[in-house]
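Pasted below: start.csv, CSV, C-alpha atoms.
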```csv
chain,number,residue,atom,x,y,z
A,1,MET,CA,-16.1,24.9,-9.2
A,2,THR,CA,-19.4,24.1,-7.5
A,3,ILE,CA,-20.3,20.5,-6.8
A,4,SER,CA,-23.6,19.6,-5.2
A,5,ILE,CA,-23.7,17.5,-2.0
A,6,VAL,CA,-25.2,14.6,-3.9
A,7,GLY,CA,-22.5,14.8,-6.6
A,8,LEU,CA,-19.9,14.9,-3.9
A,9,ALA,CA,-21.4,11.9,-2.1
A,10,LEU,CA,-21.3,9.9,-5.3
A,11,LEU,CA,-17.7,10.9,-6.0
A,12,PHE,CA,-16.8,10.0,-2.4
A,13,ALA,CA,-18.4,6.6,-2.7
A,14,LEU,CA,-16.4,5.9,-5.9
A,15,THR,CA,-13.2,7.1,-4.2
A,16,ALA,CA,-13.9,4.9,-1.2
A,17,ALA,CA,-14.6,1.9,-3.4
A,18,LEU,CA,-11.3,2.4,-5.3
A,19,TYR,CA,-9.2,3.0,-2.3
A,20,ALA,CA,-10.7,0.3,-0.1
A,21,SER,CA,-10.0,-2.2,-2.9
A,22,VAL,CA,-6.3,-1.5,-2.6
A,23,GLY,CA,-6.1,-1.0,1.2
A,24,PHE,CA,-6.1,2.8,1.6
A,25,GLY,CA,-8.6,5.2,3.0
A,26,GLY,CA,-8.7,7.9,0.3
A,27,GLY,CA,-8.0,11.0,2.4
A,28,SER,CA,-5.9,12.7,-0.2
A,29,THR,CA,-8.7,12.4,-2.8
A,30,TYR,CA,-11.4,13.4,-0.4
A,31,ILE,CA,-9.4,16.5,0.4
A,32,ALA,CA,-8.9,17.2,-3.3
A,33,LEU,CA,-12.6,16.9,-4.0
A,34,LEU,CA,-13.6,19.1,-1.1
A,35,ALA,CA,-11.1,21.7,-2.3
A,36,LEU,CA,-12.6,21.6,-5.7
A,37,ALA,CA,-16.0,22.1,-4.1
A,38,ALA,CA,-14.7,25.3,-2.4
A,39,LEU,CA,-15.8,24.3,1.1
A,40,ASP,CA,-14.6,26.2,4.1
A,41,TYR,CA,-11.0,25.2,4.5
A,42,ARG,CA,-11.4,24.6,8.2
A,43,ALA,CA,-13.9,21.8,7.6
A,44,LEU,CA,-11.8,19.9,5.1
A,45,PRO,CA,-9.6,18.0,7.6
A,46,VAL,CA,-12.5,17.0,9.8
A,47,ILE,CA,-14.6,15.6,6.9
A,48,ALA,CA,-11.6,13.8,5.3
A,49,LEU,CA,-10.3,12.3,8.5
A,50,LEU,CA,-13.7,11.0,9.5
A,51,CYS,CA,-14.2,9.5,6.0
A,52,ASN,CA,-10.8,7.8,6.4
A,53,ILE,CA,-11.8,6.2,9.7
A,54,ILE,CA,-15.1,4.9,8.1
A,55,VAL,CA,-13.3,3.3,5.2
A,56,VAL,CA,-10.2,1.8,6.8
A,57,THR,CA,-11.9,0.4,9.9
A,58,GLY,CA,-13.3,-2.5,7.9
A,59,GLY,CA,-10.0,-3.0,6.1
A,60,THR,CA,-8.0,-3.1,9.3
A,61,LEU,CA,-10.4,-5.7,10.8
A,62,ARG,CA,-10.0,-7.9,7.7
A,63,PHE,CA,-6.2,-7.6,7.8
A,64,GLN,CA,-6.3,-8.6,11.4
A,65,SER,CA,-8.5,-11.6,10.8
A,66,ARG,CA,-6.0,-12.8,8.2
A,67,GLY,CA,-3.1,-12.4,10.5
A,68,LEU,CA,-1.4,-9.8,8.4
A,69,ILE,CA,-0.9,-7.1,11.1
A,70,ASP,CA,2.5,-7.6,12.7
A,71,TRP,CA,1.9,-5.6,15.9
A,72,PRO,CA,5.4,-6.0,17.4
A,73,ARG,CA,6.9,-4.4,14.3
A,74,ILE,CA,4.2,-1.7,13.8
A,75,TRP,CA,4.3,-0.1,17.3
A,76,PRO,CA,7.6,1.8,16.7
A,77,ILE,CA,5.9,3.5,13.8
A,78,LEU,CA,2.8,4.4,15.8
A,79,ILE,CA,4.2,5.3,19.2
A,80,LEU,CA,5.0,8.9,18.3
A,81,SER,CA,2.8,9.3,15.2
A,82,VAL,CA,-0.4,9.3,17.2
A,83,PRO,CA,0.5,12.2,19.5
A,84,ALA,CA,2.0,14.0,16.6
A,85,ALA,CA,-1.2,13.6,14.6
A,86,TRP,CA,-3.2,15.0,17.5
A,87,LEU,CA,-0.8,18.0,17.8
A,88,GLY,CA,-1.0,18.5,14.0
A,89,GLY,CA,-4.8,18.6,14.3
A,90,ARG,CA,-4.5,21.2,17.1
A,91,LEU,CA,-2.3,23.5,15.1
A,92,VAL,CA,-4.1,26.7,14.0
A,93,LEU,CA,-3.3,27.7,10.4
A,94,ASP,CA,-4.5,30.7,8.4
A,95,LYS,CA,-6.1,29.9,5.1
A,96,GLU,CA,-3.1,30.8,3.0
A,97,SER,CA,-0.7,28.6,5.0
A,98,PHE,CA,-3.2,25.7,5.1
A,99,LEU,CA,-3.8,25.8,1.3
A,100,LEU,CA,0.0,26.0,0.6
A,101,LEU,CA,0.7,23.0,2.8
A,102,LEU,CA,-2.3,21.2,1.4
A,103,GLY,CA,-1.2,21.8,-2.2
A,104,LEU,CA,2.3,20.6,-1.5
A,105,SER,CA,1.1,17.6,0.3
A,106,LEU,CA,-1.3,16.7,-2.5
A,107,ALA,CA,1.5,17.2,-5.1
A,108,ALA,CA,3.8,14.8,-3.1
A,109,ALA,CA,1.0,12.3,-2.7
A,110,GLY,CA,0.1,12.3,-6.4
A,111,LEU,CA,3.7,11.9,-7.4
A,112,LEU,CA,4.2,9.0,-5.0
A,113,LEU,CA,1.1,7.3,-6.5
A,114,LEU,CA,2.6,7.6,-9.9
A,115,VAL,CA,6.1,6.3,-9.0
A,116,GLU,CA,5.1,3.6,-6.5
A,117,PRO,CA,5.3,0.8,-9.1
A,118,PHE,CA,8.9,1.8,-9.7
A,119,ILE,CA,9.5,2.0,-5.9
A,120,LYS,CA,8.3,-1.5,-5.6
A,121,ARG,CA,10.7,-2.7,-8.2
A,122,ALA,CA,13.6,-0.7,-6.7
A,123,GLY,CA,12.8,-2.2,-3.2
A,124,GLY,CA,12.9,-5.7,-4.6
A,125,SER,CA,10.4,-8.5,-4.4
A,126,GLU,CA,11.6,-10.0,-1.1
A,127,PRO,CA,11.5,-8.4,2.3
A,128,ARG,CA,14.6,-8.0,4.3
A,129,ASP,CA,15.6,-10.5,6.9
A,130,ARG,CA,13.2,-10.1,9.8
A,131,ARG,CA,16.1,-9.8,12.1
A,132,TRP,CA,17.0,-6.5,10.4
A,133,THR,CA,16.6,-3.7,13.0
A,134,GLY,CA,17.1,-0.6,10.9
A,135,HIS,CA,13.4,0.2,11.1
A,136,ARG,CA,13.8,0.8,14.8
A,137,LEU,CA,16.0,3.8,14.0
A,138,PHE,CA,13.9,5.5,11.4
A,139,ALA,CA,10.4,4.2,12.1
A,140,PRO,CA,9.6,6.6,15.0
A,141,ALA,CA,10.9,9.6,13.1
A,142,ILE,CA,9.0,8.7,9.9
A,143,GLY,CA,5.9,8.0,11.9
A,144,THR,CA,6.1,11.3,13.7
A,145,GLY,CA,6.6,13.4,10.6
A,146,ILE,CA,3.8,11.7,8.6
A,147,GLY,CA,1.5,11.7,11.6
A,148,PHE,CA,1.9,15.4,12.2
A,149,LEU,CA,1.2,16.2,8.5
A,150,SER,CA,-1.8,13.9,8.6
A,151,GLY,CA,-3.3,15.8,11.5
A,152,MET,CA,-2.7,19.2,10.0
A,153,VAL,CA,-4.2,18.6,6.5
A,154,GLY,CA,-6.5,15.6,6.9
A,155,ILE,CA,-4.5,13.0,4.9
A,156,GLY,CA,-4.3,9.7,6.7
A,157,GLY,CA,-0.6,9.3,5.8
A,158,GLY,CA,-0.7,5.7,4.4
A,159,ILE,CA,0.0,7.2,0.9
A,160,PHE,CA,3.4,8.4,2.2
A,161,LEU,CA,4.2,5.5,4.5
A,162,ALA,CA,3.6,2.6,2.1
A,163,PRO,CA,6.3,3.7,-0.5
A,164,ILE,CA,8.9,4.2,2.2
A,165,LEU,CA,8.2,0.7,3.6
A,166,LEU,CA,8.3,-0.7,0.1
A,167,LEU,CA,11.6,0.9,-0.7
A,168,THR,CA,13.2,-0.3,2.5
A,169,ARG,CA,11.8,-3.8,2.0
A,170,TRP,CA,10.2,-3.6,5.5
A,171,SER,CA,8.0,-6.6,4.7
A,172,ASP,CA,6.0,-8.1,1.8
A,173,SER,CA,3.4,-6.0,0.0
A,174,ARG,CA,0.4,-7.5,1.8
A,175,ARG,CA,1.8,-6.8,5.3
A,176,ILE,CA,2.8,-3.3,4.2
A,177,ALA,CA,-0.8,-2.7,3.1
A,178,ALA,CA,-2.0,-3.9,6.4
A,179,THR,CA,0.5,-1.6,8.2
A,180,ALA,CA,-0.6,1.4,6.2
A,181,SER,CA,-4.3,0.6,7.0
A,182,VAL,CA,-3.6,0.5,10.7
A,183,PHE,CA,-1.5,3.7,10.4
A,184,ILE,CA,-4.3,5.5,8.6
A,185,LEU,CA,-6.9,4.4,11.1
A,186,VAL,CA,-5.1,5.4,14.4
A,187,ASN,CA,-3.6,8.7,13.0
A,188,SER,CA,-7.0,9.7,11.5
A,189,ILE,CA,-8.6,9.2,14.9
A,190,ALA,CA,-5.8,11.2,16.6
A,191,GLY,CA,-5.9,13.9,14.0
A,192,LEU,CA,-9.6,14.2,14.1
A,193,GLY,CA,-9.4,14.5,17.9
A,194,GLY,CA,-7.0,17.4,17.5
A,195,GLN,CA,-9.1,19.1,14.9
A,196,LEU,CA,-12.2,18.9,17.1
A,197,ALA,CA,-10.3,20.1,20.1
A,198,LYS,CA,-9.1,23.1,18.1
A,199,SER,CA,-12.5,24.0,16.5
A,200,GLY,CA,-14.7,22.9,19.3
A,201,LEU,CA,-17.1,20.0,19.3
A,202,ASN,CA,-20.0,22.1,18.3
A,203,SER,CA,-18.3,23.5,15.2
A,204,GLY,CA,-16.9,20.1,14.2
A,205,GLY,CA,-20.3,18.5,14.8
A,206,GLU,CA,-21.9,21.1,12.5
A,207,ALA,CA,-19.5,20.0,9.7
A,208,VAL,CA,-20.4,16.4,10.3
A,209,LEU,CA,-24.1,17.0,10.3
A,210,ALA,CA,-24.0,19.3,7.3
A,211,TYR,CA,-22.2,16.7,5.1
A,212,TRP,CA,-23.6,13.5,6.4
A,213,PRO,CA,-24.3,12.2,2.8
A,214,LEU,CA,-20.5,12.0,2.3
A,215,PHE,CA,-20.1,9.6,5.2
A,216,VAL,CA,-23.0,7.4,3.9
A,217,GLY,CA,-21.3,7.5,0.5
A,218,VAL,CA,-17.9,6.3,1.8
A,219,LEU,CA,-19.5,3.7,4.0
A,220,LEU,CA,-21.3,2.1,1.1
A,221,GLY,CA,-18.3,2.7,-1.3
A,222,GLY,CA,-15.9,1.1,1.1
A,223,GLN,CA,-18.0,-2.0,1.4
A,224,ILE,CA,-18.3,-2.3,-2.4
A,225,GLY,CA,-14.5,-1.8,-2.8
A,226,SER,CA,-13.7,-4.5,-0.2
A,227,ILE,CA,-15.9,-7.0,-2.1
A,228,LEU,CA,-14.6,-6.1,-5.6
A,229,ALA,CA,-10.9,-6.1,-4.4
A,230,SER,CA,-9.7,-4.5,-7.6
A,231,ARG,CA,-11.4,-7.0,-9.9
A,232,ALA,CA,-13.1,-4.3,-12.0
A,233,LEU,CA,-10.0,-2.2,-12.6
A,234,PRO,CA,-6.3,-3.1,-12.3
A,235,GLU,CA,-4.7,-1.5,-9.2
A,236,ILE,CA,-2.1,0.4,-11.3
A,237,TRP,CA,-4.9,2.2,-13.2
A,238,ILE,CA,-6.7,3.1,-10.0
A,239,ARG,CA,-3.5,4.6,-8.7
A,240,ARG,CA,-2.8,6.5,-12.0
A,241,LEU,CA,-6.3,8.0,-12.2
A,242,THR,CA,-6.3,9.1,-8.6
A,243,ALA,CA,-2.8,10.5,-8.9
A,244,LEU,CA,-3.8,12.6,-11.9
A,245,LEU,CA,-6.8,14.0,-10.0
A,246,ILE,CA,-4.7,14.8,-7.0
A,247,LEU,CA,-2.0,16.5,-9.0
A,248,TYR,CA,-4.6,18.5,-10.9
A,249,VAL,CA,-6.1,19.8,-7.6
A,250,ALA,CA,-2.6,20.4,-6.2
A,251,LEU,CA,-1.7,22.6,-9.2
A,252,ARG,CA,-5.0,24.5,-8.9
A,253,ILE,CA,-4.4,25.2,-5.3
A,254,LEU,CA,-0.7,26.2,-5.7
A,255,LEU,CA,-1.2,28.3,-8.8
A,256,VAL,CA,-4.3,30.3,-7.8
```

Show how you would write the structure in this file as structure tokens.
Amino acid sequence: MTISIVGLALLFALTAALYASVGFGGGSTYIALLALAALDYRALPVIALLCNIIVVTGGTLRFQSRGLIDWPRIWPILILSVPAAWLGGRLVLDKESFLLLLGLSLAAAGLLLLVEPFIKRAGGSEPRDRRWTGHRLFAPAIGTGIGFLSGMVGIGGGIFLAPILLLTRWSDSRRIAATASVFILVNSIAGLGGQLAKSGLNSGGEAVLAYWPLFVGVLLGGQIGSILASRALPEIWIRRLTALLILYVALRILLV
């Protein structure tokens, strides 16, 4: 399937608008669209991670200004995820291994998007008592695993982290969205650093320069999404539509 750079930029802008309106970066969908466009697999994580950074930076700043980022509780999740994302980005994978891992990751991400409303109900509407310390035991391990995967395939990781935090009633949904936004931002930066260290700044820079319309698209789309804040389309439909796209691409990758 061939998609022009202009067509990709428009799709990226739409993706950024939808994801920014619900607090995510859109890395899984960027990767899916890039895979459909049959780009060089080595450029996929670099482009997707940079797009993540552009979109979630604004969201993270807004969450911070509203006092929704609980830094003392977030750092156990981040402390090992950042170096793990960098190491994941540094890992050299052949094309077959990368596409298999990408296909499985997209399939998992798509399924999580579909079942997240049920996860919310299963987790309950109220957060656990803030004195609960169970997160200190699993948070570093969860952060490490998701961070490593994020660096390898170019998915920010919030799409995996948020359902886990919802199910464990880590906090209310707004603070979980804020936590996911911070997680995506710092791990995308770390993963991008690993990817550039692996491919070399010249090679990574070439990918950035060649696909600059995509970054303009997500910058504009992210701003529009932040303003709309899901007013145009209910959040559940945004998640369902993106889940179906991600699952479609995952099946294409895994079955080819």

| task | Name the residues in contact with stretch 43-60 of chain A at a cut-off of 7 Å, using all atoms listed in the file, excluding same-chain residues fewer than 3 positions from it; report them as number ranges by chain. | result | A: 16, 20, 23-27, 30-31, 34, 40, 63-64, 153-156, 178, 181-182, 185, 188-189, 192, 195, 204, 207-208, 215, 218-219, 222

Selection from above, C-alpha atoms, as a PDB file, in the frame of the given file, can you write it?
```
ATOM      1  CA  ALA A  16     -13.900   4.900  -1.200  1.00  0.00           C
ATOM      2  CA  ALA A  20     -10.700   0.300  -0.100  1.00  0.00           C
ATOM      3  CA  GLY A  23      -6.100  -1.000   1.200  1.00  0.00           C
ATOM      4  CA  PHE A  24      -6.100   2.800   1.600  1.00  0.00           C
ATOM      5  CA  GLY A  25      -8.600   5.200   3.000  1.00  0.00           C
ATOM      6  CA  GLY A  26      -8.700   7.900   0.300  1.00  0.00           C
ATOM      7  CA  GLY A  27      -8.000  11.000   2.400  1.00  0.00           C
ATOM      8  CA  TYR A  30     -11.400  13.400  -0.400  1.00  0.00           C
ATOM      9  CA  ILE A  31      -9.400  16.500   0.400  1.00  0.00           C
ATOM     10  CA  LEU A  34     -13.600  19.100  -1.100  1.00  0.00           C
ATOM     11  CA  ASP A  40     -14.600  26.200   4.100  1.00  0.00           C
ATOM     12  CA  PHE A  63      -6.200  -7.600   7.800  1.00  0.00           C
ATOM     13  CA  GLN A  64      -6.300  -8.600  11.400  1.00  0.00           C
ATOM     14  CA  VAL A 153      -4.200  18.600   6.500  1.00  0.00           C
ATOM     15  CA  GLY A 154      -6.500  15.600   6.900  1.00  0.00           C
ATOM     16  CA  ILE A 155      -4.500  13.000   4.900  1.00  0.00           C
ATOM     17  CA  GLY A 156      -4.300   9.700   6.700  1.00  0.00           C
ATOM     18  CA  ALA A 178      -2.000  -3.900   6.400  1.00  0.00           C
ATOM     19  CA  SER A 181      -4.300   0.600   7.000  1.00  0.00           C
ATOM     20  CA  VAL A 182      -3.600   0.500  10.700  1.00  0.00           C
ATOM     21  CA  LEU A 185      -6.900   4.400  11.100  1.00  0.00           C
ATOM     22  CA  SER A 188      -7.000   9.700  11.500  1.00  0.00           C
ATOM     23  CA  ILE A 189      -8.600   9.200  14.900  1.00  0.00           C
ATOM     24  CA  LEU A 192      -9.600  14.200  14.100  1.00  0.00           C
ATOM     25  CA  GLN A 195      -9.100  19.100  14.900  1.00  0.00           C
ATOM     26  CA  GLY A 204     -16.900  20.100  14.200  1.00  0.00           C
ATOM     27  CA  ALA A 207     -19.500  20.000   9.700  1.00  0.00           C
ATOM     28  CA  VAL A 208     -20.400  16.400  10.300  1.00  0.00           C
ATOM     29  CA  PHE A 215     -20.100   9.600   5.200  1.00  0.00           C
ATOM     30  CA  VAL A 218     -17.900   6.300   1.800  1.00  0.00           C
ATOM     31  CA  LEU A 219     -19.500   3.700   4.000  1.00  0.00           C
ATOM     32  CA  GLY A 222     -15.900   1.100   1.100  1.00  0.00           C
TER      33      GLY A 222
END
```

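Atom pair atom CA of A:Ser21 / atom CA of A:Ile227: separated by 7.6 Å.
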
| field | Computed interatomic separation between atom CA of A:Val6 and atom CA of A:Leu214 (Å) | value | 8.2 Å

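Counting all atoms listed in the file and comparing A:Thr144, A:Ile77, A:Ser150, A:Gly88, the residue that lies closest to A:Ser28 is A:Ser150.
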
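Nearest residue to A:Leu10, choosing from A:Gln223, A:Pro213, A:Arg240, A:Leu196 and counting all atoms listed in the file: A:Pro213.
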
| Answer as a VMD selection string, residues within 12 Å of (-5.4, 12.0, -11.8) using all atoms listed in the file | chain A and resid 15 28 to 29 32 to 33 106 to 107 109 to 111 113 to 114 237 to 251

Take the residues from that selection and write them out as a JSON list (two decimals), in the frame of the given file, keeping C-alpha atoms.
```json
[["chain", "number", "residue", "atom", "x", "y", "z"],
["A", 15, "THR", "CA", -13.20, 7.10, -4.20],
["A", 28, "SER", "CA", -5.90, 12.70, -0.20],
["A", 29, "THR", "CA", -8.70, 12.40, -2.80],
["A", 32, "ALA", "CA", -8.90, 17.20, -3.30],
["A", 33, "LEU", "CA", -12.60, 16.90, -4.00],
["A", 106, "LEU", "CA", -1.30, 16.70, -2.50],
["A", 107, "ALA", "CA", 1.50, 17.20, -5.10],
["A", 109, "ALA", "CA", 1.00, 12.30, -2.70],
["A", 110, "GLY", "CA", 0.10, 12.30, -6.40],
["A", 111, "LEU", "CA", 3.70, 11.90, -7.40],
["A", 113, "LEU", "CA", 1.10, 7.30, -6.50],
["A", 114, "LEU", "CA", 2.60, 7.60, -9.90],
["A", 237, "TRP", "CA", -4.90, 2.20, -13.20],
["A", 238, "ILE", "CA", -6.70, 3.10, -10.00],
["A", 239, "ARG", "CA", -3.50, 4.60, -8.70],
["A", 240, "ARG", "CA", -2.80, 6.50, -12.00],
["A", 241, "LEU", "CA", -6.30, 8.00, -12.20],
["A", 242, "THR", "CA", -6.30, 9.10, -8.60],
["A", 243, "ALA", "CA", -2.80, 10.50, -8.90],
["A", 244, "LEU", "CA", -3.80, 12.60, -11.90],
["A", 245, "LEU", "CA", -6.80, 14.00, -10.00],
["A", 246, "ILE", "CA", -4.70, 14.80, -7.00],
["A", 247, "LEU", "CA", -2.00, 16.50, -9.00],
["A", 248, "TYR", "CA", -4.60, 18.50, -10.90],
["A", 249, "VAL", "CA", -6.10, 19.80, -7.60],
["A", 250, "ALA", "CA", -2.60, 20.40, -6.20],
["A", 251, "LEU", "CA", -1.70, 22.60, -9.20]]
```

| task | Name the residues in contact with A:Leu149 at a cut-off of 12 Å, using all atoms listed in the file, excluding same-chain residues fewer than 3 positions from it; report them as a ChimeraX atom specification. | result | /A:28,45,81-91,98,101-102,104-106,108-109,142-146,152-161,187-188,190-191

Dump C-alpha atoms for the selected residues as a short mmCIF file (atom, residue, chain, number, x, y, z; two decimals), in the coordinates of the input?
```
data_model
loop_
_atom_site.label_atom_id
_atom_site.label_comp_id
_atom_site.auth_asym_id
_atom_site.auth_seq_id
_atom_site.Cartn_x
_atom_site.Cartn_y
_atom_site.Cartn_z
CA SER A 28 -5.90 12.70 -0.20
CA PRO A 45 -9.60 18.00 7.60
CA SER A 81 2.80 9.30 15.20
CA VAL A 82 -0.40 9.30 17.20
CA PRO A 83 0.50 12.20 19.50
CA ALA A 84 2.00 14.00 16.60
CA ALA A 85 -1.20 13.60 14.60
CA TRP A 86 -3.20 15.00 17.50
CA LEU A 87 -0.80 18.00 17.80
CA GLY A 88 -1.00 18.50 14.00
CA GLY A 89 -4.80 18.60 14.30
CA ARG A 90 -4.50 21.20 17.10
CA LEU A 91 -2.30 23.50 15.10
CA PHE A 98 -3.20 25.70 5.10
CA LEU A 101 0.70 23.00 2.80
CA LEU A 102 -2.30 21.20 1.40
CA LEU A 104 2.30 20.60 -1.50
CA SER A 105 1.10 17.60 0.30
CA LEU A 106 -1.30 16.70 -2.50
CA ALA A 108 3.80 14.80 -3.10
CA ALA A 109 1.00 12.30 -2.70
CA ILE A 142 9.00 8.70 9.90
CA GLY A 143 5.90 8.00 11.90
CA THR A 144 6.10 11.30 13.70
CA GLY A 145 6.60 13.40 10.60
CA ILE A 146 3.80 11.70 8.60
CA MET A 152 -2.70 19.20 10.00
CA VAL A 153 -4.20 18.60 6.50
CA GLY A 154 -6.50 15.60 6.90
CA ILE A 155 -4.50 13.00 4.90
CA GLY A 156 -4.30 9.70 6.70
CA GLY A 157 -0.60 9.30 5.80
CA GLY A 158 -0.70 5.70 4.40
CA ILE A 159 0.00 7.20 0.90
CA PHE A 160 3.40 8.40 2.20
CA LEU A 161 4.20 5.50 4.50
CA ASN A 187 -3.60 8.70 13.00
CA SER A 188 -7.00 9.70 11.50
CA ALA A 190 -5.80 11.20 16.60
CA GLY A 191 -5.90 13.90 14.00
#
```

| said: Report, in Å to a single decimal, how far apart atom CA of A:Ala37 and atom CA of A:Gly217 are. | reply: 16.2 Å

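Every protein, DNA or RNA residue with an atom at most 10 Å from A:Ile3, where only C-alpha atoms count and chain neighbours fewer than 4 positions away do not, is listed here: Gly7, Leu8, Ala9, Leu11, Leu33, Leu34, Leu36, Ala37, Ala38 and Leu39 of chain A.
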
Expected file: the selected residues, C-alpha atoms, as a PDB file, keeping the file's coordinate frame:
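Saved as again_18.pdb:
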```
ATOM      1  CA  GLY A   7     -22.500  14.800  -6.600  1.00  0.00           C
ATOM      2  CA  LEU A   8     -19.900  14.900  -3.900  1.00  0.00           C
ATOM      3  CA  ALA A   9     -21.400  11.900  -2.100  1.00  0.00           C
ATOM      4  CA  LEU A  11     -17.700  10.900  -6.000  1.00  0.00           C
ATOM      5  CA  LEU A  33     -12.600  16.900  -4.000  1.00  0.00           C
ATOM      6  CA  LEU A  34     -13.600  19.100  -1.100  1.00  0.00           C
ATOM      7  CA  LEU A  36     -12.600  21.600  -5.700  1.00  0.00           C
ATOM      8  CA  ALA A  37     -16.000  22.100  -4.100  1.00  0.00           C
ATOM      9  CA  ALA A  38     -14.700  25.300  -2.400  1.00  0.00           C
ATOM     10  CA  LEU A  39     -15.800  24.300   1.100  1.00  0.00           C
TER      11      LEU A  39
END
```

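Closest approach to A:Gly67 from the set A:Arg175, A:Ala13, A:Ser4, A:Tyr211 is made by A:Arg175, with distances taken over all atoms listed in the file.
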
| Using only C-alpha atoms: which of A:Ile164, A:Val186, A:Leu68, A:Val92 has the shortest distance to A:Leu80 | A:Val186

| task | Find the residue from A:Ala35, A:Leu78, A:Leu167, A:Leu93 that sits nearest to A:Lys198; use all atoms listed in the file when measuring. | result | A:Leu93

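Here the question is which of A:Arg73, A:Val115, A:Leu165, A:Tyr41 gets nearest to A:Leu99 using only C-alpha atoms, and that residue is A:Tyr41.
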